[in-house]
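Shown next: input32.txt, containing compact mmCIF, C-alpha atoms.
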```txt
# COMPACT_ATOMS: atom_id res chain seq x y z
CA MET A 1 0.00 0.00 0.00
CA LEU A 2 2.82 2.36 0.91
CA LYS A 3 4.68 1.48 -2.27
CA ARG A 4 1.63 2.19 -4.30
CA MET A 5 1.24 5.67 -2.72
CA PHE A 6 4.89 6.54 -3.40
CA PHE A 7 4.51 5.39 -6.97
CA MET A 8 1.44 7.56 -7.54
CA LEU A 9 3.18 10.55 -5.96
CA ALA A 10 6.18 10.08 -8.23
CA VAL A 11 3.93 9.93 -11.28
CA VAL A 12 2.16 13.15 -10.26
CA ILE A 13 5.51 14.90 -9.73
CA VAL A 14 6.72 13.79 -13.15
CA ILE A 15 3.53 15.03 -14.81
CA ILE A 16 3.73 18.42 -13.05
CA ALA A 17 7.40 18.77 -13.94
CA GLY A 18 6.60 17.97 -17.57
CA LEU A 19 3.83 20.54 -17.71
CA GLY A 20 6.08 23.13 -16.05
CA PHE A 21 8.83 22.48 -18.59
CA VAL A 22 6.38 22.86 -21.49
CA LYS A 23 5.01 26.14 -20.08
CA TYR A 24 8.56 27.39 -19.49
CA ARG A 25 9.43 26.73 -23.12
CA GLN A 26 6.27 28.54 -24.24
CA ILE A 27 7.14 31.57 -22.15
CA GLN A 28 10.70 31.59 -23.44
CA THR A 29 9.44 31.44 -27.02
CA ALA A 30 6.97 34.31 -26.39
CA ILE A 31 9.71 36.46 -24.85
CA ALA A 32 11.98 35.79 -27.81
CA GLN A 33 9.20 36.68 -30.25
CA GLY A 34 8.35 39.86 -28.26
CA SER A 35 11.94 41.02 -28.21
CA SER A 36 12.19 40.62 -31.95
CA PHE A 37 8.78 42.20 -32.70
CA ALA A 38 8.96 45.55 -34.53
CA PRO A 39 5.91 47.84 -34.45
CA PRO A 40 4.55 48.90 -37.84
CA PRO A 41 5.88 52.24 -39.12
CA ASP A 42 3.81 55.38 -38.42
CA ALA A 43 2.16 57.01 -41.43
CA VAL A 44 3.26 60.64 -41.83
CA THR A 45 3.40 63.40 -44.41
CA THR A 46 6.61 65.25 -45.18
CA VAL A 47 7.84 68.44 -46.76
CA VAL A 48 11.30 69.33 -48.05
CA ALA A 49 12.77 72.28 -46.14
CA LYS A 50 13.45 75.24 -48.42
CA SER A 51 15.29 78.46 -47.74
CA GLU A 52 13.22 81.58 -48.41
CA THR A 53 13.76 85.29 -47.99
CA TRP A 54 11.17 86.73 -45.64
CA PRO A 55 10.75 90.45 -45.01
CA SER A 56 11.34 91.42 -41.40
CA THR A 57 7.77 92.19 -40.44
CA LEU A 58 5.50 92.24 -37.41
CA ASN A 59 1.90 91.05 -37.77
CA VAL A 60 -0.55 92.51 -35.25
CA ILE A 61 -4.23 93.32 -34.92
CA GLY A 62 -5.17 97.00 -35.10
CA THR A 63 -8.26 99.16 -34.75
CA THR A 64 -9.22 101.94 -37.12
CA ALA A 65 -10.10 105.40 -35.83
CA ALA A 66 -11.25 108.58 -37.54
CA ILE A 67 -8.73 111.40 -37.86
CA GLN A 68 -11.56 113.76 -36.93
CA GLY A 69 -14.79 112.57 -35.37
CA VAL A 70 -17.43 114.41 -33.37
CA THR A 71 -21.05 114.18 -32.38
CA VAL A 72 -22.65 117.35 -33.69
CA SER A 73 -24.90 118.81 -30.99
CA ALA A 74 -27.04 121.83 -30.28
CA ASP A 75 -25.15 124.79 -28.82
CA LEU A 76 -28.29 126.55 -27.57
CA PRO A 77 -31.77 125.21 -26.77
CA GLY A 78 -34.52 125.60 -29.32
CA ALA A 79 -37.04 123.90 -31.60
CA VAL A 80 -35.87 122.31 -34.86
CA ASP A 81 -37.11 124.50 -37.72
CA LYS A 82 -35.26 123.02 -40.72
CA ILE A 83 -33.14 119.89 -41.35
CA HIS A 84 -30.75 120.09 -44.30
CA PHE A 85 -29.16 116.61 -44.29
CA GLU A 86 -29.92 112.90 -44.59
CA SER A 87 -28.40 110.03 -42.63
CA GLY A 88 -25.13 108.78 -44.13
CA GLN A 89 -24.67 111.85 -46.32
CA ALA A 90 -21.26 113.25 -47.23
CA VAL A 91 -20.91 116.92 -46.26
CA HIS A 92 -18.28 119.65 -46.55
CA ALA A 93 -17.01 121.99 -43.87
CA GLY A 94 -19.49 124.86 -43.38
CA ASP A 95 -22.53 123.07 -44.80
CA ILE A 96 -25.70 123.92 -42.84
CA LEU A 97 -27.09 120.86 -41.10
CA VAL A 98 -29.90 122.17 -38.88
CA GLU A 99 -31.63 125.50 -38.29
CA LEU A 100 -33.39 126.10 -34.99
CA ASP A 101 -36.38 128.43 -34.63
CA THR A 102 -35.02 132.01 -34.43
CA ARG A 103 -38.23 134.07 -34.90
CA GLN A 104 -37.96 135.61 -31.46
CA GLU A 105 -34.28 136.44 -31.93
CA ARG A 106 -34.96 137.99 -35.34
CA ALA A 107 -37.66 140.21 -33.84
CA GLN A 108 -35.24 141.26 -31.11
CA LEU A 109 -32.63 141.92 -33.79
CA ALA A 110 -34.98 144.25 -35.68
CA ALA A 111 -35.65 146.23 -32.48
CA ALA A 112 -31.96 146.33 -31.60
CA GLU A 113 -31.03 147.55 -35.10
CA SER A 114 -33.61 150.32 -34.81
CA ASP A 115 -32.16 151.40 -31.46
CA ARG A 116 -28.67 151.27 -32.94
CA ASP A 117 -29.65 153.46 -35.89
CA LEU A 118 -31.26 156.00 -33.59
CA ALA A 119 -28.23 156.00 -31.28
CA ARG A 120 -25.96 156.54 -34.28
CA ILE A 121 -28.03 159.55 -35.43
CA ASN A 122 -27.98 161.06 -31.93
CA SER A 123 -24.25 160.50 -31.63
CA ASP A 124 -23.55 162.15 -34.98
CA ARG A 125 -25.79 165.13 -34.07
CA ASP A 126 -24.17 165.62 -30.65
CA GLN A 127 -20.74 165.45 -32.24
CA GLN A 128 -21.62 168.34 -34.55
CA LEU A 129 -23.18 170.34 -31.72
CA VAL A 130 -20.06 169.86 -29.58
CA LYS A 131 -17.98 171.32 -32.39
CA GLU A 132 -20.34 174.32 -32.50
CA GLY A 133 -20.24 174.66 -28.72
CA VAL A 134 -23.99 174.21 -28.32
CA VAL A 135 -23.94 171.17 -26.03
CA ALA A 136 -21.58 169.99 -23.36
CA ARG A 137 -18.92 167.40 -24.06
CA ASN A 138 -20.38 164.89 -21.59
CA GLN A 139 -23.66 164.76 -23.52
CA TYR A 140 -21.76 163.68 -26.62
CA ASP A 141 -19.87 161.08 -24.59
CA ASN A 142 -23.16 159.64 -23.34
CA SER A 143 -24.65 159.42 -26.83
CA SER A 144 -21.46 157.85 -28.18
CA ALA A 145 -21.48 155.21 -25.45
CA GLN A 146 -25.15 154.55 -26.15
CA GLN A 147 -24.34 153.95 -29.81
CA LYS A 148 -21.60 151.41 -28.96
CA SER A 149 -23.93 149.66 -26.52
CA THR A 150 -26.66 149.26 -29.14
CA GLU A 151 -24.14 147.97 -31.69
CA ALA A 152 -22.94 145.39 -29.17
CA LYS A 153 -26.54 144.33 -28.57
CA VAL A 154 -27.05 143.83 -32.30
CA GLY A 155 -23.85 141.73 -32.47
CA GLU A 156 -24.99 139.59 -29.53
CA ILE A 157 -28.38 138.80 -31.11
CA ARG A 158 -26.74 138.00 -34.45
CA ALA A 159 -24.33 135.64 -32.68
CA THR A 160 -27.29 133.88 -31.05
CA ILE A 161 -28.98 133.43 -34.44
CA ASP A 162 -25.70 132.14 -35.89
CA ARG A 163 -25.29 129.66 -33.04
CA LYS A 164 -28.78 128.32 -33.76
CA THR A 165 -27.67 127.62 -37.33
CA ILE A 166 -25.69 124.38 -36.86
CA LYS A 167 -23.00 123.73 -39.49
CA ALA A 168 -20.56 120.92 -40.26
CA PRO A 169 -17.23 121.74 -38.56
CA PHE A 170 -15.26 119.72 -41.15
CA SER A 171 -15.80 117.54 -44.22
CA GLY A 172 -16.83 113.94 -43.62
CA ILE A 173 -19.59 111.34 -43.54
CA LEU A 174 -22.65 111.80 -41.35
CA GLY A 175 -24.07 109.02 -39.24
CA ILE A 176 -27.72 108.32 -38.40
CA ARG A 177 -29.93 111.35 -37.69
CA GLN A 178 -31.05 111.53 -34.05
CA ILE A 179 -33.56 114.41 -34.26
CA ASN A 180 -36.86 115.17 -35.95
CA LEU A 181 -38.48 118.30 -37.37
CA GLY A 182 -40.21 120.34 -34.67
CA GLN A 183 -38.37 118.58 -31.84
CA TYR A 184 -37.19 120.74 -28.94
CA LEU A 185 -33.45 120.39 -28.38
CA ALA A 186 -31.74 121.07 -25.09
CA ALA A 187 -28.28 122.61 -25.08
CA GLY A 188 -25.72 119.91 -25.89
CA GLN A 189 -28.24 117.39 -27.21
CA ALA A 190 -26.81 115.11 -29.92
CA ILE A 191 -27.94 115.66 -33.52
CA VAL A 192 -25.74 113.37 -35.67
CA SER A 193 -22.23 111.93 -35.68
CA LEU A 194 -19.68 113.21 -38.19
CA GLN A 195 -16.53 111.28 -39.11
CA ALA A 196 -13.68 112.22 -41.46
CA LEU A 197 -12.77 108.90 -43.14
CA ASN A 198 -10.06 109.77 -45.66
CA PRO A 199 -7.34 109.55 -44.51
CA ILE A 200 -7.91 107.36 -41.45
CA TYR A 201 -5.91 106.28 -38.39
CA VAL A 202 -5.09 102.73 -37.33
CA ASN A 203 -3.97 102.09 -33.74
CA PHE A 204 -2.13 98.92 -32.65
CA GLY A 205 0.19 97.66 -29.93
CA VAL A 206 3.80 96.53 -30.39
CA PRO A 207 5.59 94.32 -27.78
CA GLN A 208 8.20 96.25 -25.82
CA GLN A 209 10.92 93.85 -27.06
CA GLN A 210 10.38 95.12 -30.61
CA SER A 211 9.45 98.71 -29.82
CA SER A 212 12.98 99.94 -30.56
CA LEU A 213 12.58 98.76 -34.18
CA VAL A 214 9.44 100.82 -34.73
CA GLN A 215 10.11 104.33 -35.97
CA ALA A 216 7.96 107.10 -37.36
CA GLY A 217 7.83 106.88 -41.13
CA ARG A 218 8.03 103.06 -41.38
CA THR A 219 5.67 101.62 -43.96
CA LEU A 220 2.94 99.11 -43.26
CA ARG A 221 0.29 97.11 -45.08
CA LEU A 222 -3.23 96.64 -43.81
CA THR A 223 -5.96 94.18 -44.74
CA SER A 224 -9.44 93.53 -43.45
CA ASP A 225 -11.71 90.51 -43.77
CA ASP A 226 -14.56 92.97 -44.32
CA VAL A 227 -12.82 94.37 -47.44
CA PRO A 228 -11.56 91.16 -49.11
CA GLY A 229 -8.88 91.37 -51.76
CA VAL A 230 -7.88 94.96 -50.92
CA GLU A 231 -4.59 96.06 -49.33
CA PHE A 232 -4.12 99.50 -47.82
CA ALA A 233 -0.70 101.15 -47.46
CA GLY A 234 0.24 103.61 -44.75
CA ARG A 235 3.02 104.97 -42.55
CA VAL A 236 3.67 105.15 -38.82
CA THR A 237 2.95 108.72 -37.73
CA ALA A 238 3.05 108.56 -33.91
CA ILE A 239 4.47 106.35 -31.15
CA ASP A 240 3.27 106.58 -27.56
CA SER A 241 5.76 107.74 -24.94
CA VAL A 242 4.89 105.04 -22.35
CA VAL A 243 4.56 101.25 -22.28
CA ASN A 244 1.26 99.82 -21.06
CA GLU A 245 1.95 98.14 -17.71
CA ALA A 246 -0.79 95.54 -18.18
CA THR A 247 0.16 94.31 -21.68
CA ARG A 248 3.81 95.49 -21.91
CA ASN A 249 2.94 96.87 -25.34
CA ILE A 250 3.58 100.35 -26.69
CA GLN A 251 0.80 102.01 -28.64
CA VAL A 252 1.55 102.96 -32.25
CA GLN A 253 -0.57 105.05 -34.62
CA ALA A 254 -0.37 104.99 -38.41
CA THR A 255 -2.11 107.05 -41.07
CA LEU A 256 -3.31 105.62 -44.36
CA ALA A 257 -5.41 106.63 -47.33
CA ASN A 258 -8.99 105.36 -47.30
CA PRO A 259 -10.52 106.14 -50.69
CA GLY A 260 -14.25 105.60 -50.78
CA GLY A 261 -14.40 105.30 -46.99
CA ARG A 262 -14.23 101.49 -47.14
CA LEU A 263 -12.62 101.36 -43.71
CA ARG A 264 -14.86 102.59 -40.90
CA PRO A 265 -13.81 103.72 -37.41
CA GLY A 266 -13.76 100.86 -34.91
CA MET A 267 -13.02 98.05 -37.41
CA PHE A 268 -10.52 95.30 -36.57
CA VAL A 269 -7.78 95.02 -39.20
CA GLN A 270 -4.63 92.95 -39.80
CA VAL A 271 -1.48 95.07 -39.79
CA GLU A 272 1.84 93.99 -41.31
CA LEU A 273 4.55 96.38 -40.16
CA LYS A 274 7.97 96.33 -41.82
CA LEU A 275 10.70 96.43 -39.17
CA GLY A 276 13.95 96.21 -41.13
CA ALA A 277 15.93 94.31 -43.75
CA SER A 278 14.78 90.96 -45.13
CA ARG A 279 16.23 87.72 -43.73
CA ASP A 280 16.78 84.15 -44.95
CA VAL A 281 14.72 81.52 -43.12
CA ILE A 282 13.52 77.94 -43.53
CA SER A 283 9.74 78.01 -43.95
CA LEU A 284 7.70 75.05 -42.71
CA PRO A 285 4.00 74.37 -42.13
CA ALA A 286 3.01 75.23 -38.57
CA SER A 287 1.92 71.59 -38.10
CA ALA A 288 5.55 70.47 -38.47
CA ILE A 289 6.67 72.10 -35.22
CA ASN A 290 6.56 70.06 -32.02
CA TYR A 291 6.16 72.76 -29.36
CA ALA A 292 7.39 71.92 -25.86
CA PRO A 293 8.46 73.84 -22.71
CA TYR A 294 12.04 72.59 -23.04
CA GLY A 295 12.34 73.66 -26.68
CA ASP A 296 10.67 73.47 -30.08
CA SER A 297 11.67 70.65 -32.42
CA VAL A 298 10.97 68.93 -35.73
CA PHE A 299 11.36 65.34 -36.91
CA VAL A 300 13.74 64.86 -39.84
CA VAL A 301 13.25 61.77 -42.00
CA ALA A 302 16.48 59.86 -42.67
CA ASP A 303 17.91 56.36 -43.19
CA LEU A 304 18.60 54.89 -39.74
CA LYS A 305 19.96 51.54 -38.48
CA ASP A 306 18.40 49.26 -35.90
CA PRO A 307 20.45 47.42 -33.21
CA LYS A 308 21.05 44.58 -35.66
CA GLY A 309 22.51 46.97 -38.24
CA LYS A 310 19.52 46.79 -40.56
CA THR A 311 18.67 50.04 -42.37
CA TYR A 312 15.13 51.42 -42.09
CA ARG A 313 13.31 54.66 -42.85
CA GLY A 314 12.94 56.58 -39.57
CA VAL A 315 13.02 59.99 -37.92
CA ARG A 316 15.40 61.86 -35.68
CA GLN A 317 14.27 64.70 -33.45
CA GLN A 318 15.95 68.03 -34.22
CA PHE A 319 15.63 71.10 -31.97
CA VAL A 320 15.06 74.36 -33.85
CA LYS A 321 14.55 78.06 -33.17
CA VAL A 322 11.32 79.55 -34.50
CA GLU A 323 10.83 83.28 -35.07
CA GLY A 324 7.72 84.66 -36.72
CA SER A 325 4.89 83.27 -38.81
CA ARG A 326 3.15 84.02 -42.08
CA GLY A 327 -0.24 82.48 -42.78
CA ASP A 328 0.09 78.70 -42.37
CA GLN A 329 3.88 78.92 -42.28
CA VAL A 330 6.46 79.46 -39.53
CA ALA A 331 10.04 80.66 -39.92
CA VAL A 332 12.88 78.46 -38.64
CA VAL A 333 16.03 80.52 -38.17
CA SER A 334 18.39 77.85 -36.83
CA GLY A 335 18.68 74.08 -36.28
CA LEU A 336 17.59 72.98 -39.76
CA LYS A 337 19.22 72.84 -43.20
CA SER A 338 17.65 73.44 -46.58
CA GLY A 339 16.89 70.20 -48.42
CA GLU A 340 16.14 68.08 -45.33
CA GLU A 341 12.90 66.11 -45.37
CA VAL A 342 10.75 67.13 -42.40
CA VAL A 343 7.59 65.50 -41.05
CA SER A 344 4.73 67.95 -41.64
CA SER A 345 1.89 66.09 -39.88
CA GLY A 346 1.72 63.31 -37.30
CA VAL A 347 4.53 64.66 -35.12
CA PHE A 348 2.48 64.15 -31.94
CA LYS A 349 2.82 60.35 -32.19
CA LEU A 350 6.53 60.19 -33.03
CA ARG A 351 9.60 59.60 -30.91
CA ASN A 352 13.28 59.80 -31.72
CA GLY A 353 14.24 56.83 -33.93
CA ALA A 354 10.67 55.80 -34.78
CA ALA A 355 10.07 54.10 -38.12
CA VAL A 356 7.80 55.99 -40.51
CA GLN A 357 5.99 55.47 -43.77
CA VAL A 358 5.65 58.59 -45.92
CA ASN A 359 2.27 59.20 -47.57
CA ASN A 360 1.95 62.64 -49.16
CA LYS A 361 -1.39 62.18 -50.89
CA VAL A 362 -2.98 64.66 -48.45
CA GLN A 363 -0.83 67.53 -47.22
CA PRO A 364 -1.51 69.99 -44.36
CA PRO A 365 -2.06 73.69 -45.26
CA ASN A 366 1.13 75.54 -46.20
CA ASN A 367 -0.11 78.83 -47.66
CA PRO A 368 1.55 82.14 -46.73
CA LYS A 369 -1.73 83.96 -47.46
CA PRO A 370 -4.58 81.62 -46.59
CA LYS A 371 -8.18 82.55 -47.28
CA PRO A 372 -10.38 80.54 -44.93
CA GLU A 373 -13.77 79.64 -46.35
CA ASP A 374 -15.55 80.98 -43.26
CA SER A 375 -13.89 84.41 -43.35
```
Using the file provided, produce a representation of the structure as structure tokens.
Amino acid sequence: MLKRMFFMLAVVIVIIAGLGFVKYRQIQTAIAQGSSFAPPPDAVTTVVAKSETWPSTLNVIGTTAAIQGVTVSADLPGAVDKIHFESGQAVHAGDILVELDTRQERAQLAAAESDRDLARINSDRDQQLVKEGVVARNQYDNSSAQQKSTEAKVGEIRATIDRKTIKAPFSGILGIRQINLGQYLAAGQAIVSLQALNPIYVNFGVPQQQSSLVQAGRTLRLTSDDVPGVEFAGRVTAIDSVVNEATRNIQVQATLANPGGRLRPGMFVQVELKLGASRDVISLPASAINYAPYGDSVFVVADLKDPKGKTYRGVRQQFVKVEGSRGDQVAVVSGLKSGEEVVSSGVFKLRNGAAVQVNNKVQPPNNPKPKPEDS
């Protein structure tokens, strides 16, 4: 009985040892296969790096402003008697816009002119009588002062009538009328806005690091999505004397021609300011740059060798310095050579030495002047 138990135990041990050996061999085979397994290459698109000459420019967002702009208002209170303009009309300096009711002032003017004429006659008569010695000198002085007083009264009433005739202070485009015929206007009440649109100002901020490059007289180009296909040219005319503490930008003002008044005050515009001489750069699509806190980089496609010495198509990570952009493109100023093949899309999934498969059937945008369909 005891022999039989030992025999059975030995058989069980042999079976377990056999199974363990088989499993061990399976594991060893799987490890060997895993160590020799190569992941499939990543599909990427590429672009050949080319050297281009870019103008040294600064692209910022600006806001247009009228060179002259006011809200025309009533100087004195009164009822609107006549309106001589329509909303949106172009006017010239001195054109009459509104006449307030001046019937009372004109009646007062007639009375004042009558008093003035009488005072002038009395003054002339007393002057002659003084020469003849008929009246005293002080009587002539009184009549002369009376004449000047009545003339001043006439001038005052005429000035009141003139102030109730509201004129355009300069040439420009009127806004929307804010009054109606017969309406009583209080002093200072708005009538209509008036803006001089040609030429026009554009105001924009420049980072303090580049403020030393901005000088009065530098040329700039301006475009607006609201005026497609049109470029406006202008010059820097004023630079603020202080840097904004919140944005660390310095305010710059430029003046440009605006024929037809296509640019309106308050519009957002794209400003391209020329800062200096042109420079040679490597232009790449923005999607080719792998941005990181420790430095920007690109992946260059090249023939690499694996640990066994076998050649494969892979990528190496190359750190670069990026300065400036233009449309879909960025400018690489160092770290890359012209003629190198650079991954233009799919960089987020790559690592140094990764195998790649190039498929350039669909390329990312690489236009220096893109025109988005939704603009």
Given only C-alpha atoms as the counted atoms, nearest of A:Val236, A:Ile173, A:Val342, A:Ala10 to A:Val300: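 Ranking A:Val236, A:Ile173, A:Val342, A:Ala10 by distance to A:Val300, first place goes to A:Val342.
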For A:Leu263: contacts at 8 Å, only C-alpha atoms, fewer than 2 positions along chain excluded, given as a VMD selection string: chain A and resid 64 197 200 227 258 261 265 267
Stretch 344-361 of chain A environment, 8 Å, all atoms listed in the file, sequence neighbours closer than 2 positions dropped, as a ChimeraX atom specification: /A:40-47,284-285,287-290,298-299,304,312-317,342,363-364
As AutoDock Vina command-line options, please: the centre and edge lengths in Å, to one decimal, of an axis-aligned box enclosing every listed atom of stretch 145-155 of chain A with 3 Å added on each side.
```
--center_x -24.3 --center_y 148.5 --center_z -29.0 --size_x 11.6 --size_y 19.5 --size_z 13.0
```
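Between A:Val332 and the residues A:Leu220, A:Ala49, A:Met5, A:Ala238, the shortest atom-to-atom distance, using all atoms listed in the file, involves A:Ala49.
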Of the listed residues A:Ile96, A:Gly188, A:Ser114, A:Ala246, that which approaches A:Phe170 most closely, counting all atoms listed in the file: A:Ile96
Among the residues A:Glu99, A:Gly62, A:Ile15, A:Gly94, the one that comes closest to A:Tyr184 [using all atoms listed in the file]: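 Answer, going by the shortest atom-to-atom distance: A:Glu99.
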Can you list, as an mmCIF file with C-alpha atoms, keeping the file's coordinate frame, every protein, DNA or RNA residue that comes within 12 Å of A:Glu245 when you count only C-alpha atoms, leaving out same-chain residues fewer than 5 positions away?
```
data_model
loop_
_atom_site.group_PDB
_atom_site.id
_atom_site.type_symbol
_atom_site.label_atom_id
_atom_site.label_comp_id
_atom_site.auth_asym_id
_atom_site.auth_seq_id
_atom_site.Cartn_x
_atom_site.Cartn_y
_atom_site.Cartn_z
ATOM 1 C CA PRO A 207 5.590 94.320 -27.780
ATOM 2 C CA GLN A 208 8.200 96.250 -25.820
ATOM 3 C CA ILE A 250 3.580 100.350 -26.690
ATOM 4 C CA GLN A 251 0.800 102.010 -28.640
#
```
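Between A:Val230 and the residues A:Ala254, A:Ala187, A:Leu118, A:Val269, the shortest atom-to-atom distance, using only C-alpha atoms, involves A:Val269.
The space between atom CA of A:Leu222 and atom CA of A:Gly234 spans 7.8 Å.
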Closest of A:Gln215, A:Gln270, A:Gln253, A:Ser171 to A:Ala93 - atom-to-atom distances counting only C-alpha atoms: A:Ser171
Selection: 7 Å around A:Gly175, all atoms listed in the file, excl. self and same-chain fewer than 3 positions, as a PyMOL selection string: chain A and resi 87-88+192-194
Straight-line distance linking atom CA of A:Ser143 with atom CA of A:Gln108, stated in Å to one decimal: 21.5 Å
Contacts of A:Val60 at 9 Å (only C-alpha atoms; same-chain gap of 2+ positions) as a VMD selection string: chain A and resid 58 62 204 to 206 269 to 273
Output file for the selection above: C-alpha atoms, as a PDB file, in the coordinates of the input:
```
ATOM      1  CA  LEU A  58       5.500  92.240 -37.410  1.00  0.00           C
ATOM      2  CA  GLY A  62      -5.170  97.000 -35.100  1.00  0.00           C
ATOM      3  CA  PHE A 204      -2.130  98.920 -32.650  1.00  0.00           C
ATOM      4  CA  GLY A 205       0.190  97.660 -29.930  1.00  0.00           C
ATOM      5  CA  VAL A 206       3.800  96.530 -30.390  1.00  0.00           C
ATOM      6  CA  VAL A 269      -7.780  95.020 -39.200  1.00  0.00           C
ATOM      7  CA  GLN A 270      -4.630  92.950 -39.800  1.00  0.00           C
ATOM      8  CA  VAL A 271      -1.480  95.070 -39.790  1.00  0.00           C
ATOM      9  CA  GLU A 272       1.840  93.990 -41.310  1.00  0.00           C
ATOM     10  CA  LEU A 273       4.550  96.380 -40.160  1.00  0.00           C
TER      11      LEU A 273
END
```
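Here atom CA of A:Glu340 is placed at a distance of 5.7 Å from atom CA of A:Val48.
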